[in-house]
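my_file21.csv (CSV, C-alpha atoms) appears below.
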chain,number,residue,atom,x,y,z
A,1,MET,CA,-39.0,41.8,-68.4
A,2,ILE,CA,-37.6,41.3,-71.9
A,3,LEU,CA,-34.1,39.9,-72.4
A,4,TYR,CA,-32.4,41.3,-75.6
A,5,PRO,CA,-29.5,39.3,-76.9
A,6,ALA,CA,-27.0,41.6,-78.5
A,7,ILE,CA,-25.3,41.4,-81.8
A,8,ASP,CA,-22.6,44.1,-82.2
A,9,LEU,CA,-21.4,44.4,-85.8
A,10,LYS,CA,-17.8,45.4,-86.6
A,11,ASP,CA,-16.5,44.9,-90.1
A,12,GLY,CA,-19.3,42.6,-90.9
A,13,ALA,CA,-18.7,40.2,-88.0
A,14,CYS,CA,-20.4,39.7,-84.6
A,15,VAL,CA,-18.1,41.0,-81.9
A,16,ARG,CA,-18.0,42.2,-78.3
A,17,LEU,CA,-16.1,45.1,-77.1
A,18,VAL,CA,-14.7,45.9,-73.6
A,19,ARG,CA,-15.9,49.3,-72.4
A,20,GLY,CA,-16.5,50.4,-75.9
A,21,GLU,CA,-12.9,50.1,-77.1
A,22,MET,CA,-12.8,49.2,-80.8
A,23,ASN,CA,-9.3,47.8,-80.5
A,24,LEU,CA,-10.5,45.4,-77.8
A,25,ALA,CA,-13.0,43.6,-80.0
A,26,THR,CA,-13.5,39.8,-79.7
A,27,VAL,CA,-15.0,38.1,-82.7
A,28,PHE,CA,-17.7,35.7,-81.5
A,29,ASN,CA,-19.2,34.8,-84.9
A,30,PRO,CA,-18.1,35.8,-88.4
A,31,ASP,CA,-21.7,35.1,-89.6
A,32,PRO,CA,-24.1,37.5,-87.8
A,33,ALA,CA,-27.1,36.0,-89.6
A,34,ALA,CA,-26.2,32.5,-88.2
A,35,GLN,CA,-25.9,34.0,-84.8
A,36,ALA,CA,-29.3,35.6,-85.1
A,37,ARG,CA,-30.8,32.2,-86.0
A,38,ARG,CA,-29.1,30.7,-83.0
A,39,PHE,CA,-30.8,33.3,-80.7
A,40,VAL,CA,-34.2,32.4,-82.3
A,41,GLU,CA,-33.6,28.7,-81.6
A,42,GLN,CA,-32.8,29.6,-78.0
A,43,GLY,CA,-36.2,31.2,-77.5
A,44,PHE,CA,-35.5,34.9,-77.5
A,45,GLY,CA,-38.3,37.2,-78.5
A,46,TRP,CA,-36.3,40.3,-79.6
A,47,LEU,CA,-32.8,41.1,-81.0
A,48,HIS,CA,-30.6,44.1,-80.2
A,49,LEU,CA,-28.3,45.1,-83.0
A,50,VAL,CA,-25.6,47.8,-83.0
A,51,ASP,CA,-23.6,49.0,-86.0
A,52,LEU,CA,-20.3,49.8,-84.2
A,53,ASN,CA,-18.6,51.1,-87.3
A,54,GLY,CA,-21.6,53.3,-88.0
A,55,ALA,CA,-21.6,54.7,-84.5
A,56,PHE,CA,-18.0,56.0,-85.0
A,57,GLU,CA,-18.5,57.2,-88.6
A,58,GLY,CA,-21.9,58.7,-88.1
A,59,ARG,CA,-23.6,56.7,-90.9
A,60,PRO,CA,-24.7,53.1,-91.5
A,61,VAL,CA,-21.7,50.9,-92.3
A,62,ASN,CA,-22.8,47.3,-91.7
A,63,GLY,CA,-25.9,47.5,-93.7
A,64,ASP,CA,-25.3,44.3,-95.6
A,65,ALA,CA,-24.9,42.4,-92.3
A,66,VAL,CA,-28.1,43.9,-90.9
A,67,ALA,CA,-30.0,43.0,-94.1
A,68,ARG,CA,-28.8,39.4,-93.9
A,69,ILE,CA,-30.0,39.2,-90.3
A,70,LEU,CA,-33.4,40.7,-91.2
A,71,ALA,CA,-33.8,38.2,-94.0
A,72,ALA,CA,-32.8,35.2,-91.7
A,73,ILE,CA,-35.2,35.7,-88.8
A,74,ASP,CA,-38.7,36.8,-88.0
A,75,LEU,CA,-38.0,38.3,-84.6
A,76,PRO,CA,-38.5,42.0,-84.0
A,77,VAL,CA,-35.2,43.8,-84.2
A,78,GLN,CA,-34.0,47.1,-82.6
A,79,LEU,CA,-31.0,48.7,-84.3
A,80,GLY,CA,-28.6,51.5,-83.2
A,81,GLY,CA,-25.4,53.0,-84.5
A,82,GLY,CA,-24.9,55.8,-87.0
A,83,ILE,CA,-28.6,56.7,-87.3
A,84,ARG,CA,-28.5,60.5,-87.3
A,85,ASP,CA,-31.1,61.8,-89.8
A,86,MET,CA,-34.7,61.2,-90.8
A,87,ALA,CA,-33.8,59.6,-94.1
A,88,THR,CA,-31.8,56.9,-92.3
A,89,ILE,CA,-34.5,56.4,-89.8
A,90,GLU,CA,-37.1,55.9,-92.5
A,91,ALA,CA,-34.8,53.6,-94.5
A,92,TRP,CA,-34.2,51.2,-91.7
A,93,LEU,CA,-37.9,51.1,-90.6
A,94,GLU,CA,-38.9,50.4,-94.2
A,95,ARG,CA,-36.4,47.6,-94.5
A,96,GLY,CA,-37.9,45.8,-91.5
A,97,VAL,CA,-36.2,47.1,-88.4
A,98,ARG,CA,-38.9,47.3,-85.7
A,99,ARG,CA,-37.3,50.0,-83.7
A,100,VAL,CA,-34.4,52.4,-84.3
A,101,ILE,CA,-32.2,53.6,-81.5
A,102,LEU,CA,-31.1,57.2,-81.6
A,103,GLY,CA,-28.0,58.0,-79.5
A,104,THR,CA,-25.6,60.8,-80.5
A,105,VAL,CA,-28.4,62.6,-82.4
A,106,ALA,CA,-30.6,62.6,-79.2
A,107,LEU,CA,-28.0,64.9,-77.6
A,108,ARG,CA,-27.3,67.0,-80.6
A,109,ASP,CA,-30.7,67.3,-82.2
A,110,PRO,CA,-33.5,66.4,-79.8
A,111,ASP,CA,-36.1,67.9,-82.1
A,112,LEU,CA,-35.3,65.2,-84.6
A,113,VAL,CA,-36.1,62.5,-82.0
A,114,ARG,CA,-39.4,64.2,-81.2
A,115,GLU,CA,-40.3,64.4,-84.9
A,116,ALA,CA,-39.3,60.8,-85.5
A,117,CYS,CA,-41.5,59.7,-82.5
A,118,ARG,CA,-44.5,61.6,-84.0
A,119,ARG,CA,-44.0,60.1,-87.4
A,120,PHE,CA,-43.2,56.5,-86.2
A,121,PRO,CA,-45.1,55.9,-82.9
A,122,GLY,CA,-43.6,53.2,-80.8
A,123,ARG,CA,-40.7,52.6,-83.1
A,124,VAL,CA,-38.1,55.0,-81.7
A,125,ALA,CA,-35.9,54.4,-78.7
A,126,VAL,CA,-33.2,56.7,-77.2
A,127,GLY,CA,-29.9,55.2,-76.4
A,128,ILE,CA,-28.2,57.0,-73.5
A,129,ASP,CA,-24.7,55.8,-72.9
A,130,ALA,CA,-23.1,57.1,-69.7
A,131,ARG,CA,-19.6,57.3,-68.4
A,132,ASP,CA,-19.6,58.1,-64.7
A,133,GLY,CA,-23.1,59.5,-65.2
A,134,TRP,CA,-22.2,61.8,-68.1
A,135,VAL,CA,-23.5,61.1,-71.6
A,136,ALA,CA,-21.0,59.8,-74.1
A,137,VAL,CA,-21.5,60.1,-77.9
A,138,GLU,CA,-19.9,59.2,-81.2
A,139,GLY,CA,-19.4,55.6,-80.4
A,140,TRP,CA,-18.4,56.6,-76.8
A,141,ALA,CA,-15.4,58.4,-78.2
A,142,ARG,CA,-16.5,61.7,-76.6
A,143,THR,CA,-18.0,62.4,-73.2
A,144,SER,CA,-20.4,65.4,-73.0
A,145,ASN,CA,-21.2,67.7,-70.2
A,146,VAL,CA,-24.8,66.5,-70.0
A,147,LYS,CA,-26.0,64.2,-67.3
A,148,ALA,CA,-27.7,61.0,-68.4
A,149,LEU,CA,-30.9,61.7,-66.4
A,150,ASP,CA,-31.2,65.2,-67.7
A,151,LEU,CA,-31.1,64.0,-71.3
A,152,ALA,CA,-33.6,61.3,-70.6
A,153,LEU,CA,-36.0,63.8,-69.0
A,154,LYS,CA,-36.0,65.8,-72.3
A,155,PHE,CA,-38.0,63.1,-74.0
A,156,GLU,CA,-40.5,62.3,-71.3
A,157,ASP,CA,-43.4,63.8,-73.3
A,158,SER,CA,-42.1,62.7,-76.8
A,159,GLY,CA,-43.5,59.2,-77.1
A,160,VAL,CA,-40.1,57.5,-77.0
A,161,ALA,CA,-40.7,53.7,-76.8
A,162,ALA,CA,-37.8,53.1,-74.4
A,163,ILE,CA,-34.6,54.6,-72.9
A,164,ILE,CA,-31.7,52.2,-73.4
A,165,TYR,CA,-29.3,53.0,-70.6
A,166,THR,CA,-25.8,51.8,-70.9
A,167,ASP,CA,-23.1,52.1,-68.2
A,168,ILE,CA,-19.9,52.2,-70.4
A,169,ASN,CA,-17.6,51.4,-67.6
A,170,ARG,CA,-19.4,48.1,-67.1
A,171,ASP,CA,-20.0,47.2,-70.8
A,172,GLY,CA,-18.3,44.0,-71.9
A,173,ALA,CA,-16.2,44.0,-68.7
A,174,MET,CA,-18.1,41.2,-67.0
A,175,GLY,CA,-18.0,43.1,-63.7
A,176,GLY,CA,-21.7,43.2,-63.0
A,177,VAL,CA,-24.5,45.5,-64.0
A,178,ASN,CA,-25.0,48.9,-62.4
A,179,VAL,CA,-28.4,48.1,-60.8
A,180,GLU,CA,-28.6,51.2,-58.6
A,181,ALA,CA,-27.9,53.7,-61.4
A,182,THR,CA,-30.3,51.9,-63.8
A,183,ALA,CA,-33.1,51.8,-61.2
A,184,ASP,CA,-32.6,55.5,-60.3
A,185,ILE,CA,-33.0,56.5,-64.0
A,186,ALA,CA,-36.0,54.2,-64.4
A,187,PHE,CA,-37.7,55.5,-61.2
A,188,ALA,CA,-37.3,59.1,-62.3
A,189,LEU,CA,-39.0,58.4,-65.7
A,190,THR,CA,-42.3,57.3,-67.0
A,191,THR,CA,-40.6,56.0,-70.1
A,192,PRO,CA,-39.6,52.3,-69.9
A,193,VAL,CA,-35.9,51.7,-69.4
A,194,ILE,CA,-33.8,48.9,-70.9
A,195,ALA,CA,-30.6,48.1,-69.0
A,196,SER,CA,-27.3,47.5,-70.8
A,197,GLY,CA,-23.7,47.0,-69.8
A,198,GLY,CA,-22.0,44.6,-67.4
A,199,VAL,CA,-24.4,41.7,-67.2
A,200,ALA,CA,-22.2,38.8,-66.2
A,201,SER,CA,-24.4,36.2,-64.5
A,202,ILE,CA,-27.9,35.1,-63.8
A,203,ASP,CA,-27.5,36.9,-60.4
A,204,ASP,CA,-27.2,40.2,-62.3
A,205,LEU,CA,-30.5,39.4,-64.1
A,206,ALA,CA,-32.1,38.6,-60.8
A,207,ALA,CA,-30.9,41.9,-59.4
A,208,LEU,CA,-32.5,43.8,-62.3
A,209,LYS,CA,-35.6,41.7,-62.0
A,210,SER,CA,-35.9,42.8,-58.4
A,211,VAL,CA,-36.1,46.5,-59.4
A,212,GLU,CA,-38.5,45.9,-62.2
A,213,HIS,CA,-41.1,47.9,-60.3
A,214,THR,CA,-39.0,51.0,-60.9
A,215,GLY,CA,-39.6,50.9,-64.6
A,216,VAL,CA,-36.8,48.6,-65.8
A,217,ALA,CA,-38.6,46.8,-68.6
A,218,GLY,CA,-35.7,44.9,-70.3
A,219,VAL,CA,-32.0,44.1,-70.3
A,220,ILE,CA,-29.5,43.7,-73.0
A,221,CYS,CA,-27.0,40.9,-72.7
A,222,GLY,CA,-24.0,40.0,-74.9
A,223,ARG,CA,-20.7,38.5,-73.8
A,224,ALA,CA,-22.2,36.4,-71.0
A,225,LEU,CA,-24.5,34.7,-73.5
A,226,TYR,CA,-21.7,34.1,-76.0
A,227,ASP,CA,-19.3,32.5,-73.5
A,228,GLY,CA,-21.9,30.4,-71.7
A,229,ARG,CA,-22.0,32.2,-68.3
A,230,ILE,CA,-25.7,32.7,-68.7
A,231,ASP,CA,-28.0,29.8,-69.8
A,232,PRO,CA,-30.6,31.3,-72.2
A,233,ALA,CA,-33.5,29.1,-71.0
A,234,ALA,CA,-32.8,29.8,-67.3
A,235,ALA,CA,-32.5,33.6,-68.0
A,236,LEU,CA,-35.7,33.7,-70.0
A,237,ALA,CA,-37.6,31.8,-67.4
A,238,LEU,CA,-36.3,34.1,-64.6
A,239,LEU,CA,-37.3,37.3,-66.4
A,240,ALA,CA,-40.7,36.0,-67.4
A,241,SER,CA,-41.5,35.1,-63.8
A,242,PRO,CA,-43.8,37.3,-61.6
A,243,PRO,CA,-41.8,40.0,-59.7
A,244,ASP,CA,-42.7,38.5,-56.3
A,245,ALA,CA,-41.3,35.2,-57.3
A,246,VAL,CA,-37.8,36.7,-57.5
A,247,ASP,CA,-38.3,38.5,-54.3
A,248,GLU,CA,-39.3,35.3,-52.5
A,249,GLU,CA,-36.2,33.5,-53.8
A,250,GLY,CA,-34.1,36.4,-52.4
Just give me the structure as structure tokens.
Amino acid sequence: MILYPAIDLKDGACVRLVRGEMNLATVFNPDPAAQARRFVEQGFGWLHLVDLNGAFEGRPVNGDAVARILAAIDLPVQLGGGIRDMATIEAWLERGVRRVILGTVALRDPDLVREACRRFPGRVAVGIDARDGWVAVEGWARTSNVKALDLALKFEDSGVAAIIYTDINRDGAMGGVNVEATADIAFALTTPVIASGGVASIDDLAALKSVEHTGVAGVICGRALYDGRIDPAAALALLASPPDAVDEEG
């Protein structure tokens, strides 16, 4: 299981939000590239980036910060936020982003997602952000009338690299991950699922590891890494262990 450290970009800085509220942003590092290098030093194998301003405005906003991160590290990077047309998808992939994350546009224009998957195999993920099970879009500012699982099922035959499932009510709140909902989504799909939102401790990672067999292939972690609640080395070792090793430990 892959552990993705998160860098959320707001006004050029590395921040964390609480339940997606932009006015509840905490700046953890004014230099996102330095933070990315720190994650490399800690042994992570991937990086998860979100252009928060872009998610609200519907276009890339923190491009300069993303470019500095890409120049600073060699890790594969997945990026979401404000990516809503083919030109933007192509531009980011050409600039070195390994995988783009399509969120709002996945609900509004699923054909674009399918076409992007055909043109860029293995390099397109779908971000499904849910509030009480319903898909939220536009930087979580609007909740739709579409169920998260129903949207995920639309892309089962499209070649999507992963579904990134975020429980908005848990995100940044340090209240624990919604393991049951994540496992239910993963079990219903053949597409790998990456969990996001609410990871607060090593126990949360162990709980997700215990349902790895359902199709949970990764987990995104932000605030708990920044404030020291989760030790990177211990977390990476846990998620790299065989599934039965976690079961035996309880």
Handout entry: Shell of 8 Å around region 147-158 of chain A, only C-alpha atoms, local chain residues under 4 positions omitted, as a PyMOL selection string
Key = chain A and resi 107+110+113-114+117-118+128-130+133-135+163+185+189-191
Could the residues of region 83-192 of chain A that have an atom at most 9 Å from region 69-72 of chain A be listed as CSV, each with its closest atom pair and the distance in Å to one decimal, counting all atoms listed in the file and ordered by chain and ascending residue number?
residue,atom,partner,partner_atom,distance
A:Arg95,CA,A:Leu70,CA,8.2
A:Gly96,CA,A:Leu70,CA,6.8
A:Val97,CA,A:Leu70,CA,7.5
Practice task
Within 10 Å of Asp31 (chain A), counting all atoms listed in the file, which residues show up once you throw out same-chain ones fewer than 5 positions away? Write them as a ChimeraX atom specification, please.
Solution key: /A:12-14,36,65,68-69
Problem - Who sits within 12 Å of Gly80 (chain A), all atoms listed in the file, same chain under 2 positions skipped, as a ChimeraX atom specification - result: /A:6-9,47-56,58-63,66,77-78,82-84,88-89,92-93,97-106,124-129,138-139,164
Handout entry: Who sits within 6 Å of Gly218 (chain A), all atoms listed in the file, same chain under 6 positions skipped, as a list in words
Key =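 In the requested form, the answer reads Met1, Ile2, Leu3 and Ile194 of chain A.
Considering the residues A:Phe187, A:Leu236, A:Arg123, A:Ala200 and counting all atoms listed in the file, Arg223 (chain A) has its shortest atom-to-atom contact with A:Ala200.
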Exercise for the section: Can you work out the spacing between CA of Val40 (chain A) and CA of Leu75 (chain A) in Å, to one decimal? Expected result: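 Going from CA of Val40 (chain A) over to CA of Leu75 (chain A) covers 7.4 Å.
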Practice task
Can you work out the spacing between CA of Asp11 (chain A) and CA of Tyr165 (chain A) in Å, to one decimal?
Solution key: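 Atom-to-atom, CA of Asp11 (chain A) and CA of Tyr165 (chain A) are spaced 24.7 Å apart.
CA of Ala161 (chain A) to CA of Gly197 (chain A) spans 19.6 Å [interatomic distance, one decimal].
Nearest-residue note for Ala186 (chain A): choosing from A:Leu112, A:Ile202, A:Ala217, A:Trp46, the minimum distance belongs to A:Ala217, counting only C-alpha atoms.
Nearest to Gly159 (chain A) of all the residues A:Gly122, A:Gly198, A:Gly45, A:Gly228 is A:Gly122, based on all atoms listed in the file.
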Problem - For Val177 (chain A): contacts at 8 Å, only C-alpha atoms, fewer than 2 positions along chain excluded, given as a PyMOL selection string - result: chain A and resi 167+170+175+179+196-200+204
Fill in the blank from the handout: Using all atoms listed in the file, the shortest atom-to-atom distance to Thr214 (chain A) among A:Ser201, A:Asn145, A:Thr182, A:Ser241 belongs to A:Thr182
Problem - Option closest in space to Arg108 (chain A), from A:Phe39, A:Ala136, A:Glu90, A:Arg131 [counting all atoms listed in the file] - result: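 Checking each of A:Phe39, A:Ala136, A:Glu90, A:Arg131 against Arg108 (chain A), counting all atoms listed in the file, the winner is A:Ala136.
Using only C-alpha atoms, the nearest neighbour of Ile220 (chain A) within the list A:Thr166, A:Gln35, A:Thr26, A:Ser144 is A:Thr166.
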